[in-house]
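Asker: Provided herewith: start24.txt, compact mmCIF, C-alpha atoms and all ligand atoms.
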# COMPACT_ATOMS: atom_id res chain seq x y z
CA MET A 231 -7.98 -21.55 40.00
CA THR A 232 -10.96 -20.94 42.31
CA THR A 233 -12.95 -24.16 41.99
CA ASP A 234 -14.32 -26.04 44.99
CA LYS A 235 -13.86 -29.30 43.04
CA PRO A 236 -11.56 -29.19 40.01
CA MET A 237 -12.78 -29.95 36.51
CA LEU A 238 -16.30 -31.23 36.97
CA ARG A 239 -18.29 -32.02 33.82
CA ILE A 240 -21.48 -30.09 34.28
CA LEU A 241 -24.70 -30.23 32.26
CA VAL A 242 -26.56 -26.89 32.19
CA THR A 243 -30.03 -26.99 30.65
CA GLY A 244 -31.56 -23.75 29.44
CA ALA A 245 -28.00 -22.78 28.52
CA ALA A 246 -28.92 -20.28 25.80
CA GLY A 247 -31.23 -18.31 28.08
CA PHE A 248 -30.62 -15.28 30.26
CA LEU A 249 -29.57 -17.11 33.44
CA GLY A 250 -28.34 -20.30 31.79
CA SER A 251 -25.82 -18.59 29.49
CA SER A 252 -24.56 -16.51 32.41
CA LEU A 253 -24.18 -19.68 34.49
CA VAL A 254 -22.23 -21.33 31.67
CA ASP A 255 -19.74 -18.44 31.70
CA PHE A 256 -19.57 -18.55 35.50
CA LEU A 257 -18.77 -22.29 35.53
CA LEU A 258 -16.24 -22.06 32.69
CA GLN A 259 -14.47 -19.28 34.58
CA LYS A 260 -14.11 -21.75 37.44
CA ASP A 261 -12.43 -24.18 35.01
CA HIS A 262 -15.29 -26.66 34.83
CA ILE A 263 -16.23 -28.40 31.59
CA VAL A 264 -19.75 -27.45 30.53
CA ILE A 265 -22.30 -29.09 28.26
CA GLY A 266 -25.03 -26.57 27.51
CA LEU A 267 -28.38 -27.92 26.37
CA ASP A 268 -31.25 -25.81 25.03
CA ASN A 269 -34.10 -26.05 22.51
CA LEU A 270 -33.81 -22.31 21.72
CA THR A 271 -37.46 -21.48 22.37
CA THR A 272 -36.81 -18.36 24.46
CA GLY A 273 -33.01 -18.55 24.48
CA SER A 274 -30.73 -17.22 21.77
CA PRO A 275 -27.53 -18.61 20.18
CA ALA A 276 -26.17 -15.05 20.47
CA ASN A 277 -25.87 -15.57 24.23
CA LEU A 278 -23.32 -18.35 23.59
CA ARG A 279 -21.61 -17.10 20.42
CA HIS A 280 -18.52 -15.96 22.32
CA LEU A 281 -17.97 -19.61 23.36
CA GLU A 282 -17.96 -21.05 19.82
CA ASN A 283 -14.31 -22.06 20.02
CA HIS A 284 -14.08 -22.59 23.76
CA PRO A 285 -12.46 -25.99 24.40
CA GLY A 286 -14.41 -26.51 27.65
CA PHE A 287 -17.86 -25.92 26.16
CA THR A 288 -20.20 -28.02 24.04
CA PHE A 289 -23.67 -26.98 22.93
CA VAL A 290 -26.49 -29.47 22.37
CA ASN A 291 -29.66 -28.27 20.65
CA GLN A 292 -32.28 -30.42 22.32
CA ASP A 293 -35.54 -30.38 24.23
CA ILE A 294 -35.32 -31.72 27.80
CA CYS A 295 -38.60 -33.54 27.13
CA SER A 296 -36.80 -35.89 24.72
CA LEU A 297 -34.49 -38.72 25.75
CA LEU A 298 -31.32 -37.43 27.37
CA ASP A 299 -29.25 -40.46 28.25
CA ARG A 300 -26.95 -40.45 25.23
CA HIS A 301 -24.83 -37.53 26.42
CA GLN A 302 -21.27 -37.88 27.52
CA GLU A 303 -20.17 -38.34 31.09
CA ILE A 304 -21.37 -35.74 33.56
CA ASP A 305 -20.84 -35.06 37.26
CA GLN A 306 -23.57 -32.49 38.01
CA ILE A 307 -26.74 -31.10 36.44
CA TYR A 308 -28.21 -27.61 36.73
CA ASN A 309 -31.75 -27.63 35.32
CA LEU A 310 -32.70 -24.14 34.11
CA ALA A 311 -34.67 -25.13 31.01
CA CYS A 312 -38.09 -23.48 31.15
CA PRO A 313 -39.47 -20.19 29.88
CA ALA A 314 -39.58 -17.79 32.85
CA SER A 315 -41.32 -14.67 31.54
CA PRO A 316 -45.11 -14.68 31.98
CA VAL A 317 -45.49 -13.53 28.36
CA GLN A 318 -43.35 -16.43 27.14
CA TYR A 319 -44.62 -19.26 29.36
CA GLN A 320 -48.24 -18.36 28.62
CA ARG A 321 -47.63 -18.52 24.85
CA ALA A 322 -47.61 -22.35 24.94
CA PRO A 323 -48.90 -23.38 28.38
CA VAL A 324 -49.06 -27.12 27.61
CA SER A 325 -45.44 -27.09 26.53
CA THR A 326 -44.52 -25.16 29.70
CA LEU A 327 -46.20 -27.86 31.80
CA ASN A 328 -44.49 -30.60 29.78
CA THR A 329 -41.11 -28.98 30.27
CA CYS A 330 -41.72 -28.74 34.01
CA PHE A 331 -42.96 -32.30 34.41
CA HIS A 332 -41.57 -34.55 31.67
CA GLY A 333 -38.45 -32.48 31.15
CA THR A 334 -37.60 -32.39 34.85
CA GLN A 335 -38.36 -36.10 35.17
CA ASN A 336 -35.98 -36.87 32.28
CA LEU A 337 -33.23 -34.98 34.08
CA LEU A 338 -33.98 -36.67 37.39
CA GLU A 339 -33.77 -40.05 35.61
CA LEU A 340 -30.45 -39.03 34.11
CA ALA A 341 -29.15 -37.98 37.53
CA LYS A 342 -30.45 -41.23 39.05
CA ASN A 343 -28.83 -43.40 36.34
CA ARG A 344 -25.51 -41.61 36.73
CA ASN A 345 -25.81 -41.31 40.52
CA ILE A 346 -25.02 -37.57 40.40
CA ARG A 347 -26.33 -34.38 42.02
CA ILE A 348 -28.97 -32.25 40.33
CA LEU A 349 -29.94 -28.67 41.13
CA HIS A 350 -33.40 -27.72 39.96
CA THR A 351 -34.25 -24.03 39.52
CA SER A 352 -37.68 -23.43 40.95
CA THR A 353 -39.16 -20.02 41.58
CA SER A 354 -40.75 -17.60 44.00
CA GLU A 355 -43.87 -18.14 41.85
CA VAL A 356 -44.53 -21.29 43.88
CA TYR A 357 -45.65 -18.86 46.62
CA GLY A 358 -48.28 -17.44 44.22
CA ASP A 359 -49.98 -14.28 45.48
CA PRO A 360 -48.55 -14.72 48.97
CA LEU A 361 -50.55 -14.32 52.16
CA THR A 362 -47.35 -14.45 54.20
CA HIS A 363 -44.83 -11.66 53.76
CA PRO A 364 -41.88 -11.92 53.37
CA GLN A 365 -41.88 -15.51 52.14
CA PRO A 366 -39.91 -18.16 54.07
CA GLU A 367 -39.25 -21.54 52.46
CA THR A 368 -41.77 -23.06 54.89
CA TYR A 369 -44.65 -21.07 53.32
CA TRP A 370 -46.74 -23.33 51.07
CA GLY A 371 -48.10 -20.59 48.86
CA ASN A 372 -51.35 -19.24 47.50
CA VAL A 373 -51.49 -20.39 43.88
CA ASN A 374 -54.45 -20.45 41.51
CA PRO A 375 -54.28 -23.91 39.86
CA PHE A 376 -56.72 -22.89 37.10
CA GLY A 377 -55.54 -19.63 35.59
CA PRO A 378 -53.12 -18.02 33.16
CA ARG A 379 -50.09 -18.41 35.43
CA SER A 380 -50.84 -21.94 36.59
CA CYS A 381 -48.88 -23.67 33.79
CA TYR A 382 -45.73 -22.17 35.26
CA ASP A 383 -46.60 -21.94 38.96
CA GLU A 384 -48.11 -25.41 39.20
CA GLY A 385 -45.53 -26.76 36.76
CA LYS A 386 -42.75 -25.59 39.03
CA ARG A 387 -44.59 -26.95 42.08
CA VAL A 388 -45.00 -30.41 40.53
CA ALA A 389 -41.33 -30.35 39.53
CA GLU A 390 -40.47 -29.81 43.20
CA ALA A 391 -42.75 -32.71 44.12
CA LEU A 392 -40.88 -34.84 41.57
CA CYS A 393 -37.54 -33.86 43.12
CA TYR A 394 -38.90 -34.81 46.52
CA ALA A 395 -40.22 -38.13 45.20
CA TYR A 396 -36.88 -39.01 43.56
CA ARG A 397 -35.07 -38.17 46.77
CA GLU A 398 -37.44 -40.35 48.85
CA GLN A 399 -37.76 -43.27 46.46
CA TYR A 400 -34.25 -43.37 44.95
CA ASN A 401 -32.17 -41.44 47.45
CA LEU A 402 -31.30 -38.95 44.71
CA ASP A 403 -29.02 -36.06 45.63
CA ILE A 404 -31.14 -32.98 44.88
CA ARG A 405 -30.92 -29.23 45.42
CA ILE A 406 -33.82 -26.82 44.81
CA ALA A 407 -33.52 -23.04 44.43
CA HIS A 408 -36.49 -20.71 44.83
CA ILE A 409 -35.16 -17.93 42.59
CA PHE A 410 -36.76 -14.51 43.03
CA ASN A 411 -37.03 -11.91 40.23
CA THR A 412 -33.59 -11.76 38.65
CA TYR A 413 -32.50 -9.27 35.99
CA GLY A 414 -29.37 -8.32 34.11
CA PRO A 415 -27.57 -8.41 30.76
CA ARG A 416 -28.78 -11.07 28.28
CA MET A 417 -32.41 -10.87 29.32
CA SER A 418 -33.77 -10.39 25.81
CA SER A 419 -35.35 -7.07 24.85
CA GLN A 420 -38.32 -9.20 23.69
CA ASP A 421 -38.53 -11.15 26.97
CA GLY A 422 -41.51 -9.28 28.41
CA ARG A 423 -40.43 -9.11 32.05
CA VAL A 424 -40.63 -5.80 33.81
CA ILE A 425 -37.00 -4.65 34.01
CA SER A 426 -36.15 -5.36 30.36
CA ASN A 427 -39.49 -3.88 29.23
CA PHE A 428 -38.89 -0.70 31.23
CA ILE A 429 -35.33 -0.29 29.94
CA VAL A 430 -36.31 -0.90 26.31
CA SER A 431 -39.15 1.64 26.59
CA ALA A 432 -37.05 4.28 28.36
CA LEU A 433 -34.22 3.93 25.82
CA SER A 434 -36.60 4.34 22.91
CA GLY A 435 -38.33 7.33 24.51
CA ASN A 436 -41.66 5.51 24.91
CA ALA A 437 -43.80 5.53 28.02
CA LEU A 438 -43.08 2.73 30.51
CA ASN A 439 -46.21 0.60 30.80
CA ILE A 440 -47.12 -0.12 34.42
CA TYR A 441 -49.69 -2.90 34.82
CA GLY A 442 -52.05 -1.96 37.64
CA ASP A 443 -51.51 0.98 40.00
CA GLY A 444 -47.75 0.55 40.37
CA LEU A 445 -48.03 -0.44 44.04
CA ALA A 446 -47.33 -4.14 43.47
CA THR A 447 -43.88 -5.05 44.77
CA ARG A 448 -41.00 -7.25 43.67
CA SER A 449 -37.52 -7.85 45.11
CA PHE A 450 -35.04 -7.59 42.27
CA GLN A 451 -31.83 -9.60 42.28
CA TYR A 452 -28.89 -8.90 39.98
CA VAL A 453 -27.72 -11.87 37.93
CA THR A 454 -24.23 -12.20 39.48
CA ASP A 455 -25.76 -12.56 42.93
CA CYS A 456 -28.09 -15.27 41.68
CA LEU A 457 -25.25 -17.25 40.05
CA GLU A 458 -23.17 -17.19 43.22
CA GLY A 459 -26.21 -18.34 45.22
CA LEU A 460 -26.93 -21.22 42.82
CA TYR A 461 -23.30 -22.32 42.81
CA ARG A 462 -23.09 -22.28 46.59
CA LEU A 463 -26.33 -24.20 46.89
CA MET A 464 -25.13 -26.83 44.42
CA ASN A 465 -21.90 -27.30 46.34
CA SER A 466 -23.46 -27.17 49.80
CA GLY A 467 -24.51 -30.07 51.97
CA TYR A 468 -28.05 -28.68 52.28
CA ASP A 469 -30.63 -31.01 50.71
CA ALA A 470 -33.46 -30.76 53.24
CA GLY A 471 -35.62 -28.61 50.95
CA PRO A 472 -35.76 -25.52 48.74
CA VAL A 473 -33.63 -22.44 49.47
CA ASN A 474 -34.68 -18.89 48.59
CA ILE A 475 -32.16 -17.25 46.27
CA GLY A 476 -33.17 -13.61 46.12
CA ASN A 477 -32.49 -10.06 47.20
CA ASP A 478 -34.66 -9.02 50.12
CA LYS A 479 -34.81 -5.30 49.19
CA GLU A 480 -38.38 -4.73 48.08
CA PHE A 481 -39.51 -2.09 45.55
CA THR A 482 -42.86 -1.06 44.17
CA ILE A 483 -43.13 -1.33 40.40
CA ARG A 484 -43.58 2.45 40.31
CA GLU A 485 -40.27 2.89 42.18
CA ALA A 486 -38.54 0.57 39.73
CA ALA A 487 -39.98 2.55 36.81
CA ASP A 488 -38.83 5.87 38.29
CA LEU A 489 -35.34 4.51 38.88
CA VAL A 490 -35.04 3.21 35.30
CA ILE A 491 -36.29 6.55 33.97
CA GLU A 492 -33.76 8.48 36.08
CA LEU A 493 -30.80 6.26 35.15
CA VAL A 494 -31.60 6.08 31.42
CA SER A 495 -31.96 9.87 31.25
CA GLU A 496 -28.66 10.31 33.10
CA MET A 497 -26.82 7.74 30.94
CA THR A 498 -28.14 8.96 27.57
CA ASN A 499 -28.57 12.71 28.24
CA LYS A 500 -32.10 12.38 26.88
CA PRO A 501 -35.30 13.74 28.46
CA ARG A 502 -36.97 11.57 31.07
CA ALA A 503 -39.48 9.03 29.77
CA THR A 504 -43.03 9.01 31.13
CA VAL A 505 -45.21 6.23 32.52
CA ALA A 506 -48.60 4.90 31.39
CA PHE A 507 -50.95 2.70 33.39
CA LEU A 508 -52.50 -0.45 31.89
CA PRO A 509 -54.84 -3.01 33.49
CA LYS A 510 -53.32 -5.44 36.00
CA PRO A 511 -53.06 -8.98 34.56
CA LEU A 512 -55.14 -11.76 36.14
CA ASP A 513 -53.54 -13.38 39.21
CA ASP A 514 -50.54 -11.00 39.14
CA PRO A 515 -48.99 -11.34 42.63
CA SER A 516 -49.33 -8.14 44.68
CA VAL A 517 -46.17 -8.54 46.78
CA ARG A 518 -43.01 -10.63 46.76
CA ARG A 519 -39.96 -10.61 48.97
CA PRO A 520 -37.77 -13.49 50.09
CA GLN A 521 -36.89 -14.35 53.63
CA VAL A 522 -33.18 -15.00 53.24
CA SER A 523 -32.08 -16.34 56.62
CA LEU A 524 -31.79 -19.95 55.39
CA ALA A 525 -29.42 -19.03 52.55
CA LYS A 526 -27.35 -16.90 54.92
CA ARG A 527 -27.08 -19.73 57.42
CA GLU A 528 -26.60 -22.71 55.08
CA LEU A 529 -24.73 -21.09 52.19
CA GLY A 530 -23.07 -18.11 53.85
CA TRP A 531 -24.57 -16.16 50.99
CA GLU A 532 -26.73 -13.09 50.47
CA ALA A 533 -27.39 -10.79 47.52
CA VAL A 534 -25.14 -7.74 47.59
CA VAL A 535 -25.67 -5.77 44.36
CA PRO A 536 -27.91 -2.71 44.88
CA LEU A 537 -30.70 -2.25 42.33
CA ARG A 538 -29.23 1.05 41.14
CA ASP A 539 -25.85 -0.57 40.31
CA GLY A 540 -27.37 -3.62 38.63
CA LEU A 541 -29.70 -1.44 36.58
CA ARG A 542 -26.81 0.69 35.31
CA LYS A 543 -25.02 -2.42 34.03
CA THR A 544 -28.21 -3.77 32.47
CA ILE A 545 -29.05 -0.45 30.80
CA GLN A 546 -25.50 -0.26 29.43
CA TRP A 547 -25.86 -3.77 27.99
CA HIS A 548 -29.10 -2.80 26.21
CA MET A 549 -27.42 0.36 24.89
CA ASP A 550 -24.51 -1.74 23.57
CA GLN A 551 -26.94 -4.18 21.94
CA GLN A 552 -28.76 -1.34 20.21
CA GLY A 553 -25.42 0.15 19.15
CA SER A 554 -24.16 -3.10 17.64
CA ALA A 555 -27.49 -3.68 15.81
CA LYS A 556 -27.08 -0.36 13.90
P1 LIG B 1 -35.05 -17.72 29.82
O1 LIG B 1 -36.37 -17.83 29.15
O2 LIG B 1 -34.12 -16.63 29.39
O3 LIG B 1 -34.24 -19.09 29.71
C1 LIG B 1 -34.85 -20.34 29.68
C2 LIG B 1 -34.09 -21.21 28.68
O4 LIG B 1 -34.65 -22.53 28.66
C3 LIG B 1 -34.20 -20.69 27.25
O5 LIG B 1 -32.92 -20.65 26.65
C4 LIG B 1 -35.11 -21.69 26.55
O6 LIG B 1 -34.87 -21.78 25.16
C5 LIG B 1 -34.80 -22.95 27.31
N1 LIG B 1 -35.89 -23.94 27.29
C6 LIG B 1 -37.20 -23.75 27.57
N2 LIG B 1 -37.88 -24.90 27.48
C7 LIG B 1 -36.96 -25.86 27.15
C8 LIG B 1 -37.04 -27.25 26.92
N3 LIG B 1 -38.20 -27.92 26.99
N4 LIG B 1 -35.91 -27.93 26.59
C9 LIG B 1 -34.71 -27.28 26.48
N5 LIG B 1 -34.59 -25.95 26.70
C10 LIG B 1 -35.70 -25.25 27.03
O7 LIG B 1 -35.34 -17.62 31.39
P2 LIG B 1 -34.35 -17.37 32.62
O8 LIG B 1 -34.76 -16.14 33.31
O9 LIG B 1 -32.96 -17.53 32.16
O10 LIG B 1 -34.77 -18.59 33.56
C11 LIG B 1 -33.97 -19.75 33.69
C12 LIG B 1 -34.56 -20.66 34.75
O11 LIG B 1 -34.57 -19.99 36.02
C13 LIG B 1 -36.00 -21.10 34.48
O12 LIG B 1 -36.17 -22.43 34.83
C14 LIG B 1 -36.81 -20.21 35.40
O13 LIG B 1 -38.02 -20.81 35.79
C15 LIG B 1 -35.87 -20.01 36.56
N6 LIG B 1 -36.17 -18.75 37.26
C16 LIG B 1 -35.77 -17.56 36.74
C17 LIG B 1 -36.10 -16.40 37.40
C18 LIG B 1 -35.66 -15.05 36.89
O14 LIG B 1 -36.07 -14.04 37.48
N7 LIG B 1 -34.86 -14.93 35.86
C19 LIG B 1 -36.86 -16.43 38.57
C20 LIG B 1 -37.28 -17.67 39.04
C21 LIG B 1 -36.92 -18.83 38.39
N1 LIG B 2 -45.08 -5.37 34.84
C1 LIG B 2 -45.32 -4.06 34.44
N2 LIG B 2 -44.93 -3.69 33.19
C2 LIG B 2 -44.32 -4.53 32.33
C3 LIG B 2 -44.08 -5.86 32.73
C4 LIG B 2 -44.48 -6.26 34.01
O1 LIG B 2 -45.86 -3.26 35.20
O2 LIG B 2 -43.99 -4.10 31.20
C5 LIG B 2 -45.44 -5.78 36.22
C6 LIG B 2 -46.18 -7.12 36.33
O3 LIG B 2 -47.58 -6.91 36.17
C7 LIG B 2 -45.78 -7.55 37.74
C8 LIG B 2 -44.36 -7.03 37.90
O4 LIG B 2 -44.23 -5.95 36.94
O5 LIG B 2 -46.61 -6.91 38.69
C9 LIG B 2 -43.29 -8.07 37.63
O6 LIG B 2 -43.58 -8.66 36.38
P1 LIG B 2 -42.60 -9.71 35.65
O7 LIG B 2 -43.31 -10.19 34.44
O8 LIG B 2 -41.26 -9.11 35.47
O9 LIG B 2 -42.39 -10.88 36.71
P2 LIG B 2 -43.36 -11.72 37.66
O10 LIG B 2 -44.77 -11.19 37.55
O11 LIG B 2 -43.26 -13.11 37.15
O12 LIG B 2 -42.81 -11.51 39.01
Please rewrite the model in this file as structure tokens.

Answerer:
Amino acid sequence: MTTDKPMLRILVTGAAGFLGSSLVDFLLQKDHIVIGLDNLTTGSPANLRHLENHPGFTFVNQDICSLLDRHQEIDQIYNLACPASPVQYQRAPVSTLNTCFHGTQNLLELAKNRNIRILHTSTSEVYGDPLTHPQPETYWGNVNPFGPRSCYDEGKRVAEALCYAYREQYNLDIRIAHIFNTYGPRMSSQDGRVISNFIVSALSGNALNIYGDGLATRSFQYVTDCLEGLYRLMNSGYDAGPVNIGNDKEFTIREAADLVIELVSEMTNKPRATVAFLPKPLDDPSVRRPQVSLAKRELGWEAVVPLRDGLRKTIQWHMDQQGSAK
């Protein structure tokens, strides 16, 4: 058994999503008891099907914006419920804002009533289109409050303000993660984020659509690194403010496209896919890279999976999905 604290009862919201379902597995492997809650807007029951008969897991189909207090005893909460792909969170921006504000407040109330710790997953999007590079946690960001991304960016910012307010007013035990672009198995082929889009296109022999000139950058973190970072943050004594959970290796979108093309061709023995250029979306951040010294110091953690290795695993997962759908 490898648990820091044996047999905690942990509520994970957003449990049917890409990160949430992976976190559920991670916590069950550490012998915790997990209650997974999700309203299945962007998540899929398929991500949890393998746990149908798991004695340590319960699934609750519910929106975090509705009353939460009736659930069984819990010791910790990880709040991951929120669409994270720009395509998805812009589909219903009012609901995205509601999830960020009312949903997060419901969970903070639950944590307050039970006197338990809550980890809220915030995002590098709170830095907006950053004017400081790389981004330390002390950077306040450059966010457009009145644009297509603001439902998510400002939603996540107000959720952080709520966490702060609950800590100040009620002495609530909070943790906040600034997660940077994370990819891996279980990010749906329909999700719309760049890595899954590129892999789906390359596997089907279509051109990879690059929005803009391909010179925008992101720092891609493999899912297992992210989970370890979240777990360490939850179980750390650090509650002074948000902690960046990301990989500080930065790639242009063109470099990411070329790498996916190379690996898919190598893994399938098919000709290399091509790229096509489409207009850059409004307010799309031009650079993003975490400063990771705080996580190293406070959590003894840093991302270790190279993009090439994580991409291979993710491509293989998509190939397996396509294979099992036939
Ligand atoms: P995802 O869309 O795969 O998962 C989100 C899950 O939350 C889905 O299962 C969805 O059905 C559920 N959900 C959404 N609104 C809900 C609501 N009101 N009530 C209950 N469930 C709801 O996205 P993900 O990549 O797994 O992201 C998980 C969390 O991590 C999000 O909060 C996101 O903001 C944060 N995050 C992710 C990344 C990343 O790169 N993956 C980066 C920064 C932050
Ligand atoms: N992007 C792209 N092609 C796609 C999807 C995204 O070129 O099919 C670009 C997008 O414009 C952005 C970067 O890739 O510059 C990362 O986009 P994603 O939606 O994955 O995440 P976010 O913008 O939230 O960091």

Asker: Could I get the residue neighbourhood of ligand LIG 1 (chain B) at 8 Å, counting only C-alpha atoms and all ligand atoms, as a PyMOL selection string?

Answerer: chain A and resi 243-251+267-274+291-295+309-315+318+325-326+328-330+333+350-355+382+386+408-413+416-418+421+451

Asker: Of the candidates A:Ile545, A:Met464, A:Leu337, A:Val505, which one gets nearest to ligand LIG 2 (chain B) if we count all atoms listed in the file?

Answerer: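 Answer, going by the shortest atom-to-atom distance: A:Val505.
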
Asker: With a cut-off of 7 Å, could you pull out the residues of chain A touching ligand LIG 2 (chain B) and give me the nearest pair of atoms for each, distance in Å to one decimal, using only C-alpha atoms and all ligand atoms, ordered by chain and ascending number, as JSON lines?

Answerer:
{"residue": "A:Ser315", "atom": "CA", "partner": "B:LIG2", "partner_atom": "O7", "distance": 5.7}
{"residue": "A:Pro316", "atom": "CA", "partner": "B:LIG2", "partner_atom": "O7", "distance": 5.4}
{"residue": "A:Glu355", "atom": "CA", "partner": "B:LIG2", "partner_atom": "O11", "distance": 6.9}
{"residue": "A:Asn411", "atom": "CA", "partner": "B:LIG2", "partner_atom": "O12", "distance": 5.9}
{"residue": "A:Gly422", "atom": "CA", "partner": "B:LIG2", "partner_atom": "C3", "distance": 6.1}
{"residue": "A:Arg423", "atom": "CA", "partner": "B:LIG2", "partner_atom": "O8", "distance": 3.5}
{"residue": "A:Val424", "atom": "CA", "partner": "B:LIG2", "partner_atom": "C3", "distance": 3.6}
{"residue": "A:Ile425", "atom": "CA", "partner": "B:LIG2", "partner_atom": "O8", "distance": 6.3}
{"residue": "A:Asn427", "atom": "CA", "partner": "B:LIG2", "partner_atom": "O2", "distance": 4.9}
{"residue": "A:Phe428", "atom": "CA", "partner": "B:LIG2", "partner_atom": "O2", "distance": 6.1}
{"residue": "A:Leu438", "atom": "CA", "partner": "B:LIG2", "partner_atom": "O2", "distance": 6.9}
{"residue": "A:Asn439", "atom": "CA", "partner": "B:LIG2", "partner_atom": "N2", "distance": 5.1}
{"residue": "A:Ile440", "atom": "CA", "partner": "B:LIG2", "partner_atom": "O1", "distance": 3.5}
{"residue": "A:Tyr441", "atom": "CA", "partner": "B:LIG2", "partner_atom": "O1", "distance": 3.9}
{"residue": "A:Gly442", "atom": "CA", "partner": "B:LIG2", "partner_atom": "O1", "distance": 6.8}
{"residue": "A:Gly444", "atom": "CA", "partner": "B:LIG2", "partner_atom": "O1", "distance": 6.7}
{"residue": "A:Ala446", "atom": "CA", "partner": "B:LIG2", "partner_atom": "O5", "distance": 5.6}
{"residue": "A:Thr447", "atom": "CA", "partner": "B:LIG2", "partner_atom": "O5", "distance": 6.9}
{"residue": "A:Arg448", "atom": "CA", "partner": "B:LIG2", "partner_atom": "C9", "distance": 6.5}
{"residue": "A:Ile483", "atom": "CA", "partner": "B:LIG2", "partner_atom": "O4", "distance": 5.9}
{"residue": "A:Lys510", "atom": "CA", "partner": "B:LIG2", "partner_atom": "O3", "distance": 5.9}
{"residue": "A:Pro511", "atom": "CA", "partner": "B:LIG2", "partner_atom": "O3", "distance": 6.1}
{"residue": "A:Asp514", "atom": "CA", "partner": "B:LIG2", "partner_atom": "O5", "distance": 5.7}
{"residue": "A:Pro515", "atom": "CA", "partner": "B:LIG2", "partner_atom": "O5", "distance": 6.4}
{"residue": "A:Ser516", "atom": "CA", "partner": "B:LIG2", "partner_atom": "O5", "distance": 6.7}

Asker: Go through A:Arg379, A:Arg321, A:Arg344, A:Arg279 and flag the residue nearest A:Leu402, using only C-alpha atoms for the distances.

Answerer: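 Ranked by minimum distance to A:Leu402, first place goes to A:Arg344.
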
Asker: Closest to A:Arg527 among A:Thr482, A:Thr504, A:Asn474, A:Asn343, using only C-alpha atoms?

Answerer: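 Smallest separation from A:Arg527 among the options: A:Asn474.
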
Asker: Quick one: pull the distance between atom CA of A:Thr334 and atom CA of A:Glu458, Å, one decimal.

Answerer: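 Between atom CA of A:Thr334 and atom CA of A:Glu458 the gap works out to 22.6 Å.
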
Asker: Which residue, A:Leu257, A:Val517, A:Cys456, A:Ala525, has the smallest gap to A:Gln365 when you use all atoms listed in the file?

Answerer: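 Smallest distance to A:Gln365 is found for A:Val517.
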
Asker: Report as a short mmCIF file (atom, residue, chain, number, x, y, z; two decimals) with C-alpha atoms, in the coordinates of the input all protein, DNA and RNA residues lying within 8 Å of A:Gly286, evaluated on only C-alpha atoms, omitting residues in the same chain fewer than 4 positions from it.

Answerer:
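Final output, saved to selection_34.cif:
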data_model
loop_
_atom_site.label_atom_id
_atom_site.label_comp_id
_atom_site.auth_asym_id
_atom_site.auth_seq_id
_atom_site.Cartn_x
_atom_site.Cartn_y
_atom_site.Cartn_z
CA LEU A 258 -16.24 -22.06 32.69
CA ASP A 261 -12.43 -24.18 35.01
CA HIS A 262 -15.29 -26.66 34.83
CA ILE A 263 -16.23 -28.40 31.59
CA VAL A 264 -19.75 -27.45 30.53
#

Asker: Report, in Å to a single decimal, how far apart atom CA of A:Ser426 and atom CA of A:Tyr452 are.

Answerer: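 Taking atom CA of A:Tyr452 as the start and atom CA of A:Ser426 as the end point, the length is 12.6 Å.
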
Asker: Hey, which of A:Gly530, A:Gly435, A:Pro415, A:Pro360 ends up closest to A:Tyr468? Count only C-alpha atoms.

Answerer: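 Between A:Gly530, A:Gly435, A:Pro415, A:Pro360, the residue approaching A:Tyr468 most closely is A:Gly530.
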
Asker: Residues near A:Val534, anyone? I mean within 7 Å using all atoms listed in the file, not counting same-chain ones fewer than 2 positions away, as JSON, numbers by chain.

Answerer: {"A": [455, 532, 536]}

Asker: Report, as AutoDock Vina command-line options, the axis-aligned box around all atoms of stretch 373-388 of chain A present in the file, extended by 4 Å on each side; give centre and edge lengths in Å to one decimal place.

Answerer:
--center_x -49.7 --center_y -24.2 --center_z 38.5 --size_x 22.0 --size_y 20.4 --size_z 18.7

Asker: Name the closest residue to A:Pro501 among the candidates A:Leu457, A:Cys381, A:Ala487, A:Leu433; distances are taken between atoms, counting all atoms listed in the file.

Answerer: A:Leu433

Asker: By how many Å are atom CA of A:Arg502 and atom CA of A:Ile429 apart?

Answerer: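 It comes out at 12.0 Å.
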